[in-house]
file input.cif (mmCIF, N, CA and C atoms)
data_entry
loop_
_atom_site.label_atom_id
_atom_site.label_comp_id
_atom_site.auth_asym_id
_atom_site.auth_seq_id
_atom_site.Cartn_x
_atom_site.Cartn_y
_atom_site.Cartn_z
N MET A 288 22.82 -22.30 59.02
CA MET A 288 23.82 -21.27 59.16
C MET A 288 24.81 -21.61 60.26
N SER A 289 24.44 -22.53 61.10
CA SER A 289 25.35 -22.91 62.19
C SER A 289 26.57 -23.67 61.67
N HIS A 290 26.54 -24.09 60.41
CA HIS A 290 27.67 -24.84 59.85
C HIS A 290 28.46 -24.02 58.83
N GLN A 291 28.25 -22.70 58.81
CA GLN A 291 28.96 -21.86 57.85
C GLN A 291 30.48 -21.99 57.97
N ASP A 292 30.98 -21.98 59.19
CA ASP A 292 32.43 -22.06 59.37
C ASP A 292 32.99 -23.35 58.79
N GLY A 293 32.31 -24.46 59.06
CA GLY A 293 32.76 -25.75 58.52
C GLY A 293 32.72 -25.78 57.01
N LEU A 294 31.71 -25.17 56.42
CA LEU A 294 31.61 -25.11 54.97
C LEU A 294 32.69 -24.21 54.39
N LYS A 295 32.93 -23.08 55.03
CA LYS A 295 33.97 -22.15 54.57
C LYS A 295 35.35 -22.79 54.64
N GLU A 296 35.58 -23.59 55.69
CA GLU A 296 36.87 -24.30 55.81
C GLU A 296 37.13 -25.23 54.63
N LEU A 297 36.05 -25.71 54.02
CA LEU A 297 36.17 -26.59 52.85
C LEU A 297 36.26 -25.79 51.55
N GLY A 298 36.27 -24.46 51.66
CA GLY A 298 36.36 -23.61 50.48
C GLY A 298 35.03 -23.32 49.81
N ILE A 299 33.94 -23.58 50.50
CA ILE A 299 32.61 -23.34 49.94
C ILE A 299 32.26 -21.87 50.14
N ASP A 300 31.92 -21.20 49.03
CA ASP A 300 31.62 -19.77 49.05
C ASP A 300 30.16 -19.48 49.33
N SER A 301 29.27 -20.33 48.82
CA SER A 301 27.84 -20.06 48.99
C SER A 301 27.06 -21.37 48.97
N VAL A 302 25.90 -21.31 49.58
CA VAL A 302 24.95 -22.41 49.59
C VAL A 302 23.68 -21.86 48.95
N ILE A 303 23.27 -22.47 47.86
CA ILE A 303 22.08 -22.02 47.15
C ILE A 303 20.92 -22.95 47.51
N VAL A 304 19.86 -22.36 47.97
CA VAL A 304 18.64 -23.09 48.28
C VAL A 304 17.64 -22.72 47.19
N TRP A 305 17.19 -23.72 46.43
CA TRP A 305 16.18 -23.41 45.42
C TRP A 305 15.08 -24.44 45.50
N CYS A 306 13.94 -24.02 45.06
CA CYS A 306 12.81 -24.93 44.97
C CYS A 306 11.86 -24.42 43.91
N VAL A 307 10.89 -25.25 43.59
CA VAL A 307 9.91 -24.88 42.57
C VAL A 307 8.95 -23.88 43.21
N ASN A 308 9.30 -22.62 43.06
CA ASN A 308 8.52 -21.53 43.61
C ASN A 308 8.96 -20.24 42.92
N ASP A 309 8.21 -19.18 43.12
CA ASP A 309 8.61 -17.91 42.50
C ASP A 309 9.53 -17.13 43.43
N SER A 310 10.12 -16.08 42.90
CA SER A 310 11.11 -15.33 43.67
C SER A 310 10.51 -14.65 44.89
N ALA A 311 9.24 -14.23 44.81
CA ALA A 311 8.61 -13.59 45.97
C ALA A 311 8.52 -14.55 47.15
N VAL A 312 8.14 -15.78 46.87
CA VAL A 312 8.04 -16.79 47.94
C VAL A 312 9.43 -17.08 48.49
N MET A 313 10.41 -17.20 47.62
CA MET A 313 11.77 -17.50 48.08
C MET A 313 12.35 -16.35 48.90
N GLN A 314 12.06 -15.11 48.51
CA GLN A 314 12.52 -13.95 49.28
C GLN A 314 11.87 -13.93 50.66
N ALA A 315 10.59 -14.24 50.70
CA ALA A 315 9.88 -14.27 51.99
C ALA A 315 10.44 -15.38 52.88
N TRP A 316 10.74 -16.53 52.27
CA TRP A 316 11.31 -17.64 53.04
C TRP A 316 12.68 -17.24 53.60
N ALA A 317 13.51 -16.63 52.77
CA ALA A 317 14.83 -16.20 53.22
C ALA A 317 14.70 -15.19 54.37
N LYS A 318 13.77 -14.27 54.24
CA LYS A 318 13.55 -13.28 55.29
C LYS A 318 13.10 -13.96 56.58
N ASN A 319 12.18 -14.92 56.45
CA ASN A 319 11.69 -15.67 57.61
C ASN A 319 12.81 -16.45 58.29
N GLN A 320 13.75 -16.94 57.51
CA GLN A 320 14.86 -17.73 58.05
C GLN A 320 16.02 -16.84 58.52
N LYS A 321 15.88 -15.55 58.30
CA LYS A 321 16.87 -14.57 58.76
C LYS A 321 18.27 -14.86 58.20
N VAL A 322 18.35 -15.13 56.90
CA VAL A 322 19.64 -15.45 56.30
C VAL A 322 20.51 -14.22 56.11
N GLY A 323 19.91 -13.04 56.00
CA GLY A 323 20.68 -11.79 55.92
C GLY A 323 21.85 -11.87 54.96
N PHE A 324 23.02 -11.57 55.48
CA PHE A 324 24.24 -11.58 54.66
C PHE A 324 25.04 -12.87 54.84
N SER A 325 24.35 -13.94 55.14
CA SER A 325 25.03 -15.23 55.30
C SER A 325 25.43 -15.77 53.92
N MET A 326 25.98 -16.94 53.91
CA MET A 326 26.37 -17.57 52.65
C MET A 326 25.18 -18.21 51.93
N LEU A 327 24.00 -18.20 52.56
CA LEU A 327 22.81 -18.78 51.95
C LEU A 327 22.18 -17.85 50.93
N LYS A 328 21.84 -18.40 49.78
CA LYS A 328 21.14 -17.66 48.73
C LYS A 328 19.89 -18.46 48.38
N PHE A 329 18.74 -17.83 48.44
CA PHE A 329 17.48 -18.49 48.13
C PHE A 329 17.05 -18.09 46.72
N MET A 330 16.77 -19.09 45.88
CA MET A 330 16.40 -18.83 44.50
C MET A 330 15.19 -19.68 44.11
N GLY A 331 14.35 -19.12 43.28
CA GLY A 331 13.17 -19.82 42.81
C GLY A 331 13.38 -20.44 41.44
N ASP A 332 12.68 -21.51 41.19
CA ASP A 332 12.67 -22.21 39.90
C ASP A 332 11.21 -22.38 39.50
N PRO A 333 10.51 -21.27 39.21
CA PRO A 333 9.05 -21.32 39.04
C PRO A 333 8.57 -22.22 37.91
N ALA A 334 9.35 -22.40 36.87
CA ALA A 334 8.93 -23.25 35.76
C ALA A 334 9.58 -24.63 35.82
N SER A 335 10.27 -24.93 36.90
CA SER A 335 10.94 -26.23 37.12
C SER A 335 12.03 -26.52 36.08
N GLU A 336 12.56 -25.50 35.45
CA GLU A 336 13.56 -25.73 34.40
C GLU A 336 14.84 -26.35 34.96
N LEU A 337 15.39 -25.77 36.00
CA LEU A 337 16.60 -26.33 36.60
C LEU A 337 16.30 -27.67 37.24
N THR A 338 15.19 -27.75 37.93
CA THR A 338 14.80 -28.99 38.60
C THR A 338 14.71 -30.16 37.61
N ARG A 339 14.08 -29.93 36.47
CA ARG A 339 13.99 -30.99 35.45
C ARG A 339 15.34 -31.26 34.80
N ALA A 340 16.12 -30.23 34.54
CA ALA A 340 17.43 -30.40 33.91
C ALA A 340 18.34 -31.27 34.77
N LEU A 341 18.19 -31.16 36.09
CA LEU A 341 19.01 -31.97 37.00
C LEU A 341 18.33 -33.28 37.39
N ASP A 342 17.19 -33.57 36.78
CA ASP A 342 16.43 -34.78 37.06
C ASP A 342 16.07 -34.87 38.55
N MET A 343 15.66 -33.75 39.11
CA MET A 343 15.29 -33.69 40.52
C MET A 343 13.80 -33.45 40.73
N GLU A 344 13.00 -33.58 39.67
CA GLU A 344 11.57 -33.38 39.82
C GLU A 344 10.95 -34.57 40.53
N MET A 345 10.16 -34.29 41.55
CA MET A 345 9.49 -35.35 42.30
C MET A 345 8.27 -35.81 41.50
N THR A 346 8.28 -37.07 41.12
CA THR A 346 7.19 -37.61 40.32
C THR A 346 6.41 -38.69 41.05
N HIS A 347 6.77 -38.96 42.29
CA HIS A 347 6.08 -39.95 43.10
C HIS A 347 4.63 -39.53 43.29
N GLU A 348 3.71 -40.49 43.26
CA GLU A 348 2.29 -40.17 43.44
C GLU A 348 2.04 -39.51 44.78
N GLY A 349 2.58 -40.10 45.83
CA GLY A 349 2.48 -39.54 47.17
C GLY A 349 1.09 -39.05 47.54
N PRO A 350 0.92 -38.62 48.73
CA PRO A 350 -0.38 -38.07 49.13
C PRO A 350 -0.60 -36.71 48.47
N LYS A 351 -1.67 -36.58 47.73
CA LYS A 351 -1.97 -35.34 47.01
C LYS A 351 -2.11 -34.16 47.97
N SER A 352 -2.49 -34.44 49.20
CA SER A 352 -2.73 -33.38 50.17
C SER A 352 -1.48 -32.57 50.50
N VAL A 353 -0.30 -33.12 50.26
CA VAL A 353 0.93 -32.38 50.55
C VAL A 353 1.57 -31.84 49.28
N GLY A 354 0.90 -31.97 48.15
CA GLY A 354 1.38 -31.37 46.91
C GLY A 354 2.72 -31.89 46.44
N ILE A 355 2.88 -33.20 46.41
CA ILE A 355 4.17 -33.77 46.06
C ILE A 355 4.51 -33.64 44.57
N MET A 356 3.54 -33.83 43.70
CA MET A 356 3.83 -33.83 42.27
C MET A 356 4.48 -32.51 41.83
N ASN A 357 5.50 -32.64 41.02
CA ASN A 357 6.21 -31.52 40.41
C ASN A 357 7.03 -30.67 41.37
N ARG A 358 7.13 -31.09 42.60
CA ARG A 358 8.04 -30.41 43.52
C ARG A 358 9.45 -30.86 43.22
N CYS A 359 10.38 -30.21 43.82
CA CYS A 359 11.79 -30.57 43.69
C CYS A 359 12.12 -31.57 44.79
N LYS A 360 12.86 -32.62 44.44
CA LYS A 360 13.29 -33.57 45.45
C LYS A 360 14.21 -32.87 46.45
N ARG A 361 14.22 -33.33 47.69
CA ARG A 361 15.13 -32.78 48.69
C ARG A 361 16.52 -33.34 48.37
N HIS A 362 17.41 -32.47 47.98
CA HIS A 362 18.74 -32.92 47.58
C HIS A 362 19.79 -31.88 47.92
N ALA A 363 21.03 -32.30 47.84
CA ALA A 363 22.16 -31.39 48.03
C ALA A 363 23.20 -31.76 46.98
N ILE A 364 23.76 -30.75 46.37
CA ILE A 364 24.76 -30.95 45.32
C ILE A 364 26.00 -30.15 45.69
N TYR A 365 27.15 -30.78 45.64
CA TYR A 365 28.42 -30.08 45.86
C TYR A 365 29.04 -29.85 44.49
N VAL A 366 29.24 -28.58 44.16
CA VAL A 366 29.82 -28.20 42.87
C VAL A 366 31.15 -27.52 43.12
N GLU A 367 32.16 -27.99 42.41
CA GLU A 367 33.49 -27.41 42.54
C GLU A 367 33.98 -27.01 41.15
N ASN A 368 34.24 -25.73 40.98
CA ASN A 368 34.71 -25.20 39.69
C ASN A 368 33.80 -25.62 38.53
N GLY A 369 32.50 -25.57 38.76
CA GLY A 369 31.53 -25.87 37.71
C GLY A 369 31.27 -27.34 37.47
N THR A 370 31.87 -28.21 38.27
CA THR A 370 31.69 -29.66 38.12
C THR A 370 30.97 -30.20 39.35
N MET A 371 29.89 -30.96 39.09
CA MET A 371 29.19 -31.60 40.21
C MET A 371 30.04 -32.76 40.72
N ARG A 372 30.47 -32.66 41.95
CA ARG A 372 31.32 -33.68 42.54
C ARG A 372 30.56 -34.64 43.44
N LEU A 373 29.40 -34.20 43.94
CA LEU A 373 28.66 -35.01 44.90
C LEU A 373 27.18 -34.64 44.83
N ILE A 374 26.32 -35.64 44.79
CA ILE A 374 24.88 -35.43 44.81
C ILE A 374 24.29 -36.37 45.84
N LYS A 375 23.49 -35.84 46.75
CA LYS A 375 22.80 -36.65 47.74
C LYS A 375 21.31 -36.32 47.69
N ILE A 376 20.48 -37.34 47.77
CA ILE A 376 19.04 -37.16 47.72
C ILE A 376 18.42 -37.82 48.95
N SER A 377 17.56 -37.12 49.63
CA SER A 377 16.83 -37.69 50.77
C SER A 377 15.44 -38.08 50.30
N GLU A 378 15.30 -39.33 49.93
CA GLU A 378 13.99 -39.85 49.54
C GLU A 378 13.97 -41.35 49.78
N LYS A 379 12.81 -41.82 50.13
CA LYS A 379 12.57 -43.25 50.28
C LYS A 379 11.21 -43.53 49.69
N GLU A 380 10.92 -44.77 49.39
CA GLU A 380 9.63 -45.12 48.79
C GLU A 380 8.46 -44.63 49.63
N ASP A 381 8.58 -44.76 50.95
CA ASP A 381 7.49 -44.33 51.82
C ASP A 381 7.63 -42.88 52.29
N ASP A 382 8.68 -42.21 51.83
CA ASP A 382 8.93 -40.81 52.18
C ASP A 382 9.58 -40.10 50.98
N PRO A 383 8.83 -39.96 49.89
CA PRO A 383 9.42 -39.42 48.67
C PRO A 383 9.92 -37.98 48.80
N ALA A 384 9.38 -37.24 49.73
CA ALA A 384 9.81 -35.85 49.92
C ALA A 384 11.03 -35.75 50.84
N GLY A 385 11.39 -36.83 51.51
CA GLY A 385 12.51 -36.79 52.43
C GLY A 385 12.23 -36.01 53.69
N ASP A 386 10.96 -35.79 53.97
CA ASP A 386 10.59 -35.00 55.15
C ASP A 386 10.87 -35.72 56.46
N ALA A 387 10.68 -37.03 56.48
CA ALA A 387 10.87 -37.79 57.72
C ALA A 387 12.34 -37.95 58.08
N ASP A 388 13.20 -38.00 57.05
CA ASP A 388 14.63 -38.17 57.30
C ASP A 388 15.44 -37.41 56.26
N PRO A 389 15.63 -36.12 56.46
CA PRO A 389 16.40 -35.33 55.51
C PRO A 389 17.92 -35.39 55.74
N SER A 390 18.36 -36.24 56.65
CA SER A 390 19.74 -36.22 57.13
C SER A 390 20.79 -36.30 56.03
N GLN A 391 20.52 -37.01 54.94
CA GLN A 391 21.50 -37.13 53.86
C GLN A 391 21.85 -35.79 53.23
N THR A 392 20.93 -34.86 53.29
CA THR A 392 21.11 -33.59 52.60
C THR A 392 21.42 -32.43 53.54
N LEU A 393 21.58 -32.71 54.81
CA LEU A 393 21.89 -31.65 55.77
C LEU A 393 23.39 -31.35 55.77
N ALA A 394 23.73 -30.19 56.28
CA ALA A 394 25.12 -29.72 56.25
C ALA A 394 26.11 -30.72 56.84
N GLU A 395 25.76 -31.33 57.98
CA GLU A 395 26.70 -32.26 58.62
C GLU A 395 27.07 -33.41 57.68
N SER A 396 26.08 -33.97 57.02
CA SER A 396 26.30 -35.08 56.11
C SER A 396 27.11 -34.65 54.90
N MET A 397 26.81 -33.48 54.37
CA MET A 397 27.54 -32.99 53.20
C MET A 397 28.99 -32.67 53.55
N ILE A 398 29.21 -32.06 54.69
CA ILE A 398 30.59 -31.75 55.12
C ILE A 398 31.41 -33.02 55.22
N GLN A 399 30.84 -34.04 55.85
CA GLN A 399 31.56 -35.32 55.98
C GLN A 399 31.83 -35.94 54.62
N ALA A 400 30.84 -35.95 53.75
CA ALA A 400 31.00 -36.55 52.43
C ALA A 400 32.03 -35.79 51.59
N ILE A 401 32.04 -34.48 51.67
CA ILE A 401 33.00 -33.68 50.92
C ILE A 401 34.40 -33.96 51.42
N LYS A 402 34.57 -34.10 52.72
CA LYS A 402 35.89 -34.42 53.29
C LYS A 402 36.39 -35.77 52.79
N GLU A 403 35.47 -36.67 52.48
CA GLU A 403 35.84 -38.02 52.04
C GLU A 403 36.14 -38.10 50.54
N LEU A 404 35.90 -37.03 49.81
CA LEU A 404 36.17 -37.04 48.36
C LEU A 404 37.65 -37.11 48.07
#
call {"tool": "encode", "arguments": {"input": "input.cif", "output": "structure tokens"}}
result
Amino acid sequence: MSHQDGLKELGIDSVIVWCVNDSAVMQAWAKNQKVGFSMLKFMGDPASELTRALDMEMTHEGPKSVGIMNRCKRHAIYVENGTMRLIKISEKEDDPAGDADPSQTLAESMIQAIKEL
């Protein structure tokens, strides 16, 4: 939320955060993150329909203990007038979830990349 002004300056109206989870979990997460009336919208994809349609399903074997299979890859998509203009994914062979280095998908990286379009 600290980058809302920078995103708004680029004409971005909302940031949608979704993951393979149900709406109750996503609502609780949004409440925990105190998004309130910010530009952030949390949405669930419980059946992975959107995740699979965008080819963002995590299929790496990874450590089973962290529940990697069938999760959504850590990614950011910039959509302008219904057209995907930019897609960034934070994943590496040894870090399929992008947990160790999510920098590609963070607001700072997206703002810079959008400015370069």
call {"tool": "atom_distance", "arguments": {"input": "input.cif", "atom1": "CA of Gln320 in chain A", "atom2": "CA of Lys360 in chain A"}}
result
20.3 Å
call {"tool": "closest_atom_pairs", "arguments": {"input": "input.cif", "of": "range 290-345 of chain A", "to": "range 374-387 of chain A", "cutoff": "12 Å", "atoms": "only C-alpha atoms", "output": "tab-separated table"}}
result
residue	atom	partner	partner_atom	distance
A:Leu341	CA	A:Ile374	CA	10.4
A:Asp342	CA	A:Ile376	CA	11.2
A:Met343	CA	A:Ile376	CA	8.8
A:Glu344	CA	A:Ala384	CA	10.5
A:Met345	CA	A:Pro383	CA	7.6
call {"tool": "write_last_selection", "arguments": {"input": "input.cif", "atoms": "N, CA and C atoms", "output": "PDB file, in the coordinates of the input"}}
result
ATOM      1  N   LEU A 341      18.190 -31.160  36.090  1.00  0.00           N
ATOM      2  CA  LEU A 341      19.010 -31.970  37.000  1.00  0.00           C
ATOM      3  C   LEU A 341      18.330 -33.280  37.390  1.00  0.00           C
ATOM      4  N   ASP A 342      17.190 -33.570  36.780  1.00  0.00           N
ATOM      5  CA  ASP A 342      16.430 -34.780  37.060  1.00  0.00           C
ATOM      6  C   ASP A 342      16.070 -34.870  38.550  1.00  0.00           C
ATOM      7  N   MET A 343      15.660 -33.750  39.110  1.00  0.00           N
ATOM      8  CA  MET A 343      15.290 -33.690  40.520  1.00  0.00           C
ATOM      9  C   MET A 343      13.800 -33.450  40.730  1.00  0.00           C
ATOM     10  N   GLU A 344      13.000 -33.580  39.670  1.00  0.00           N
ATOM     11  CA  GLU A 344      11.570 -33.380  39.820  1.00  0.00           C
ATOM     12  C   GLU A 344      10.950 -34.570  40.530  1.00  0.00           C
ATOM     13  N   MET A 345      10.160 -34.290  41.550  1.00  0.00           N
ATOM     14  CA  MET A 345       9.490 -35.350  42.300  1.00  0.00           C
ATOM     15  C   MET A 345       8.270 -35.810  41.500  1.00  0.00           C
TER      16      MET A 345
END
call {"tool": "atom_distance", "arguments": {"input": "input.cif", "atom1": "atom N of Ile364 in chain A", "atom2": "atom C of Leu404 in chain A"}}
result
15.4 Å
call {"tool": "select_by_dssp", "arguments": {"input": "input.cif", "residues": "range 300-358 of chain A", "states": "strand (DSSP E or B)", "output": "JSON, numbers by chain"}}
result
{"A": [302, 303, 304, 305, 306, 327, 328, 329, 330, 331, 344]}
call {"tool": "residues_around", "arguments": {"input": "input.cif", "residues": "Leu393 in chain A", "least_positions_apart": "3", "cutoff": "10 Å", "atoms": "only C-alpha atoms", "output": "PyMOL selection string"}}
result
chain A and resi 290+361-363+375+377+388-390+396-398
call {"tool": "decode", "arguments": {"input": "input.cif", "residues": "range 308-325 of chain A", "atoms": "N, CA, C and O atoms", "output": "mmCIF file, in the first residue's frame"}}
result
data_model
loop_
_atom_site.group_PDB
_atom_site.id
_atom_site.type_symbol
_atom_site.label_atom_id
_atom_site.label_comp_id
_atom_site.auth_asym_id
_atom_site.auth_seq_id
_atom_site.Cartn_x
_atom_site.Cartn_y
_atom_site.Cartn_z
ATOM 1 N N ASN A 308 -7.323 -20.218 -3.054
ATOM 2 C CA ASN A 308 -7.900 -20.258 -1.724
ATOM 3 C C ASN A 308 -9.364 -19.860 -1.829
ATOM 4 O O ASN A 308 -9.789 -19.329 -2.858
ATOM 5 N N ASP A 309 -10.114 -20.056 -0.773
ATOM 6 C CA ASP A 309 -11.520 -19.660 -0.815
ATOM 7 C C ASP A 309 -11.688 -18.217 -0.354
ATOM 8 O O ASP A 309 -10.760 -17.603 0.177
ATOM 9 N N SER A 310 -12.875 -17.686 -0.562
ATOM 10 C CA SER A 310 -13.110 -16.272 -0.259
ATOM 11 C C SER A 310 -12.972 -15.961 1.226
ATOM 12 O O SER A 310 -12.534 -14.865 1.586
ATOM 13 N N ALA A 311 -13.323 -16.907 2.093
ATOM 14 C CA ALA A 311 -13.195 -16.664 3.540
ATOM 15 C C ALA A 311 -11.737 -16.442 3.926
ATOM 16 O O ALA A 311 -11.418 -15.529 4.701
ATOM 17 N N VAL A 312 -10.851 -17.253 3.380
ATOM 18 C CA VAL A 312 -9.417 -17.104 3.670
ATOM 19 C C VAL A 312 -8.914 -15.781 3.111
ATOM 20 O O VAL A 312 -8.177 -15.048 3.773
ATOM 21 N N MET A 313 -9.333 -15.445 1.904
ATOM 22 C CA MET A 313 -8.878 -14.199 1.290
ATOM 23 C C MET A 313 -9.395 -12.977 2.050
ATOM 24 O O MET A 313 -8.679 -11.994 2.219
ATOM 25 N N GLN A 314 -10.637 -13.037 2.539
ATOM 26 C CA GLN A 314 -11.181 -11.935 3.333
ATOM 27 C C GLN A 314 -10.419 -11.785 4.642
ATOM 28 O O GLN A 314 -10.113 -10.662 5.065
ATOM 29 N N ALA A 315 -10.091 -12.898 5.257
ATOM 30 C CA ALA A 315 -9.326 -12.853 6.509
ATOM 31 C C ALA A 315 -7.930 -12.287 6.268
ATOM 32 O O ALA A 315 -7.423 -11.501 7.076
ATOM 33 N N TRP A 316 -7.323 -12.677 5.149
ATOM 34 C CA TRP A 316 -5.989 -12.167 4.803
ATOM 35 C C TRP A 316 -6.056 -10.655 4.582
ATOM 36 O O TRP A 316 -5.211 -9.904 5.072
ATOM 37 N N ALA A 317 -7.054 -10.202 3.841
ATOM 38 C CA ALA A 317 -7.205 -8.768 3.583
ATOM 39 C C ALA A 317 -7.399 -8.008 4.898
ATOM 40 O O ALA A 317 -6.809 -6.943 5.097
ATOM 41 N N LYS A 318 -8.210 -8.564 5.781
ATOM 42 C CA LYS A 318 -8.437 -7.924 7.076
ATOM 43 C C LYS A 318 -7.143 -7.859 7.876
ATOM 44 O O LYS A 318 -6.803 -6.829 8.461
ATOM 45 N N ASN A 319 -6.386 -8.960 7.865
ATOM 46 C CA ASN A 319 -5.108 -9.013 8.573
ATOM 47 C C ASN A 319 -4.119 -7.991 8.021
ATOM 48 O O ASN A 319 -3.347 -7.403 8.773
ATOM 49 N N GLN A 320 -4.170 -7.761 6.725
ATOM 50 C CA GLN A 320 -3.255 -6.816 6.084
ATOM 51 C C GLN A 320 -3.767 -5.375 6.142
ATOM 52 O O GLN A 320 -3.111 -4.466 5.661
ATOM 53 N N LYS A 321 -4.964 -5.208 6.684
ATOM 54 C CA LYS A 321 -5.558 -3.884 6.878
ATOM 55 C C LYS A 321 -5.669 -3.102 5.559
ATOM 56 O O LYS A 321 -5.326 -1.921 5.499
ATOM 57 N N VAL A 322 -6.171 -3.765 4.522
ATOM 58 C CA VAL A 322 -6.279 -3.101 3.227
ATOM 59 C C VAL A 322 -7.438 -2.112 3.182
ATOM 60 O O VAL A 322 -7.405 -1.164 2.409
ATOM 61 N N GLY A 323 -8.461 -2.309 4.002
ATOM 62 C CA GLY A 323 -9.565 -1.349 4.093
ATOM 63 C C GLY A 323 -10.069 -0.892 2.744
ATOM 64 O O GLY A 323 -10.435 -1.692 1.892
ATOM 65 N N PHE A 324 -10.076 0.418 2.558
ATOM 66 C CA PHE A 324 -10.568 0.999 1.302
ATOM 67 C C PHE A 324 -9.417 1.365 0.359
ATOM 68 O O PHE A 324 -9.534 2.286 -0.433
ATOM 69 N N SER A 325 -8.337 0.629 0.448
ATOM 70 C CA SER A 325 -7.201 0.877 -0.445
ATOM 71 C C SER A 325 -7.527 0.368 -1.849
ATOM 72 O O SER A 325 -8.615 -0.158 -2.095
#
